[in-house]
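Written below as structure tokens is the structure these notes are about.
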Amino acid sequence: MTETAHPDDTAPTAPDSFVQVRKVLARTLGIEDREAELRPETELLGELPELDSLAVVELASALEEHFDIVIDDDDFTGEVFETLGSLAAFVSGRR
């Protein structure tokens, strides 16, 4: 017997994860006005001036809280934070 899950009870699909990660990123960096412009291929580190080292820590904390995940110190890599898509894939893999 399969249980019918409510939308809030299910892990987000990859596209939904991307949308949620993009929303958390935009809110954390204070760039909500540019949120719709952010694509999976949007480069993060070195490209978004708002994403400095302190903002990376704030973003990780916001993602942990929003998705109920843990981001270890070892996860703070250039590969994970290379693009918005790579960050969304990382978060989706943690769920």
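In the structure tokens, chains take the letters A, B, ... in the order shown, each chain's residues start at 1, and ligands count up from 1 in the order shown.
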A:Ala62 surroundings by only C-alpha atoms, 10 Å radius, close-in-sequence under 2 positions cut, as a PDB file with C-alpha atoms, in the first residue's frame:
```
ATOM      1  CA  VAL A  21      17.844  27.016  -3.582  1.00  0.00           C
ATOM      2  CA  VAL A  24      17.221  31.012  -0.465  1.00  0.00           C
ATOM      3  CA  LEU A  25      20.280  32.380  -2.307  1.00  0.00           C
ATOM      4  CA  ARG A  27      17.011  36.179   0.003  1.00  0.00           C
ATOM      5  CA  THR A  28      20.344  35.575   1.766  1.00  0.00           C
ATOM      6  CA  VAL A  56      28.908  31.719   1.821  1.00  0.00           C
ATOM      7  CA  VAL A  57      28.655  30.838   5.512  1.00  0.00           C
ATOM      8  CA  GLU A  58      25.311  32.653   5.812  1.00  0.00           C
ATOM      9  CA  LEU A  59      24.036  30.893   2.694  1.00  0.00           C
ATOM     10  CA  ALA A  60      25.103  27.481   3.985  1.00  0.00           C
ATOM     11  CA  GLU A  64      20.711  23.935   6.258  1.00  0.00           C
ATOM     12  CA  GLU A  65      17.726  25.500   7.979  1.00  0.00           C
ATOM     13  CA  HIS A  66      15.471  25.573   4.910  1.00  0.00           C
ATOM     14  CA  PHE A  67      16.187  22.012   3.752  1.00  0.00           C
ATOM     15  CA  ASP A  68      16.928  20.465   7.167  1.00  0.00           C
TER      16      ASP A  68
END
```
Q: Mind listing the helix (DSSP H, G or I) residues of chain A, per DSSP on the backbone, as a ChimeraX atom specification?
A: /A:7-9,14-29,32-37,53-67,73-75,84-94
Q: Between atom CA of A:Pro15 and atom CA of A:Leu54, measure the distance and give it in Å to one decimal.
A: 27.2 Å
Q) If we count only C-alpha atoms, what is near A:Thr83 at a cut-off of 6 Å, once residues fewer than 6 positions away on the same chain are taken out, given as number ranges by chain? A) A: 41-44
Output N, CA and C atoms for every residue in the selection just made, as a short mmCIF file (atom, residue, chain, number, x, y, z; two decimals), in the first residue's frame.
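Below you can see out.cif, which holds the result:
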```cif
data_model
loop_
_atom_site.label_atom_id
_atom_site.label_comp_id
_atom_site.auth_asym_id
_atom_site.auth_seq_id
_atom_site.Cartn_x
_atom_site.Cartn_y
_atom_site.Cartn_z
N GLU A 41 23.20 27.66 -14.71
CA GLU A 41 24.57 27.92 -15.14
C GLU A 41 25.17 29.20 -14.56
N THR A 42 24.40 29.94 -13.77
CA THR A 42 24.90 31.15 -13.14
C THR A 42 26.07 30.81 -12.22
N GLU A 43 27.22 31.41 -12.51
CA GLU A 43 28.39 31.18 -11.69
C GLU A 43 28.25 31.94 -10.38
N LEU A 44 28.73 31.31 -9.31
CA LEU A 44 28.56 31.91 -7.98
C LEU A 44 29.85 32.55 -7.49
#
```
Q: Between A:Asp52, A:Leu87, A:Phe76, A:Phe18, single out the one closest to A:Ala36, counting only C-alpha atoms.
A: A:Phe18
Q. Quick one: distance from atom CA of A:Ser86 to atom CA of A:Pro49 in Å, one decimal?
A. 18.3 Å
**Q.** Contact residues around A:Ala89 with only C-alpha atoms at 12 Å, ignoring same-chain residues under 6 positions, as a PyMOL selection string
**A.** chain A and resi 12-22+40-41+79-83+95
Take the residues from that selection and put them in a file with N, CA and C atoms, as a CSV table (one decimal), in the first residue's frame.
```csv
chain,number,residue,atom,x,y,z
A,12,PRO,N,11.8,17.6,-2.5
A,12,PRO,CA,11.6,18.3,-3.7
A,12,PRO,C,12.3,17.6,-4.9
A,13,THR,N,11.6,17.7,-6.0
A,13,THR,CA,12.3,17.2,-7.2
A,13,THR,C,13.4,18.1,-7.6
A,14,ALA,N,14.3,17.7,-8.5
A,14,ALA,CA,15.4,18.5,-8.9
A,14,ALA,C,15.1,19.9,-9.3
A,15,PRO,N,14.1,20.0,-10.2
A,15,PRO,CA,13.7,21.4,-10.6
A,15,PRO,C,13.2,22.2,-9.4
A,16,ASP,N,12.4,21.6,-8.6
A,16,ASP,CA,11.8,22.2,-7.4
A,16,ASP,C,13.0,22.6,-6.4
A,17,SER,N,14.0,21.7,-6.3
A,17,SER,CA,15.1,22.0,-5.4
A,17,SER,C,15.8,23.3,-6.0
A,18,PHE,N,16.0,23.3,-7.3
A,18,PHE,CA,16.7,24.5,-7.9
A,18,PHE,C,15.9,25.8,-7.5
A,19,VAL,N,14.6,25.8,-7.7
A,19,VAL,CA,13.8,27.0,-7.4
A,19,VAL,C,14.0,27.4,-6.0
A,20,GLN,N,13.9,26.4,-5.1
A,20,GLN,CA,14.0,26.7,-3.6
A,20,GLN,C,15.4,27.2,-3.3
A,21,VAL,N,16.5,26.6,-3.8
A,21,VAL,CA,17.8,27.0,-3.6
A,21,VAL,C,18.0,28.4,-4.1
A,22,ARG,N,17.5,28.7,-5.3
A,22,ARG,CA,17.6,30.0,-5.9
A,22,ARG,C,16.9,31.1,-5.0
A,40,PRO,N,20.6,27.9,-13.7
A,40,PRO,CA,21.5,26.8,-13.2
A,40,PRO,C,23.0,27.1,-13.6
A,41,GLU,N,23.2,27.7,-14.7
A,41,GLU,CA,24.6,27.9,-15.1
A,41,GLU,C,25.2,29.2,-14.6
A,79,GLU,N,33.8,23.4,-6.2
A,79,GLU,CA,32.9,22.6,-7.1
A,79,GLU,C,31.5,22.7,-6.7
A,80,VAL,N,31.2,22.6,-5.4
A,80,VAL,CA,29.8,22.7,-4.9
A,80,VAL,C,29.3,24.1,-5.2
A,81,PHE,N,30.1,25.1,-4.9
A,81,PHE,CA,29.7,26.5,-5.1
A,81,PHE,C,30.0,27.2,-6.4
A,82,GLU,N,30.3,26.3,-7.4
A,82,GLU,CA,30.7,26.8,-8.7
A,82,GLU,C,29.6,27.5,-9.4
A,83,THR,N,28.4,26.8,-9.5
A,83,THR,CA,27.3,27.4,-10.2
A,83,THR,C,26.0,27.2,-9.3
A,95,ARG,N,19.3,15.6,0.5
A,95,ARG,CA,18.0,15.3,1.1
A,95,ARG,C,17.6,13.9,1.1
```
Q: Can you work out which one of A:Ile69, A:Val91, A:Ala55, A:Leu84 has the shortest atom-to-atom distance to A:Glu37, counting only C-alpha atoms?
A: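 Looking only at the distances to A:Glu37, the closest residue turns out to be A:Leu84.
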(Q) Calculated over only C-alpha atoms, which of the candidates A:Ser92, A:Lys23, A:Asp73, A:Gly78 has the smallest distance to A:Glu35? (A) A:Lys23
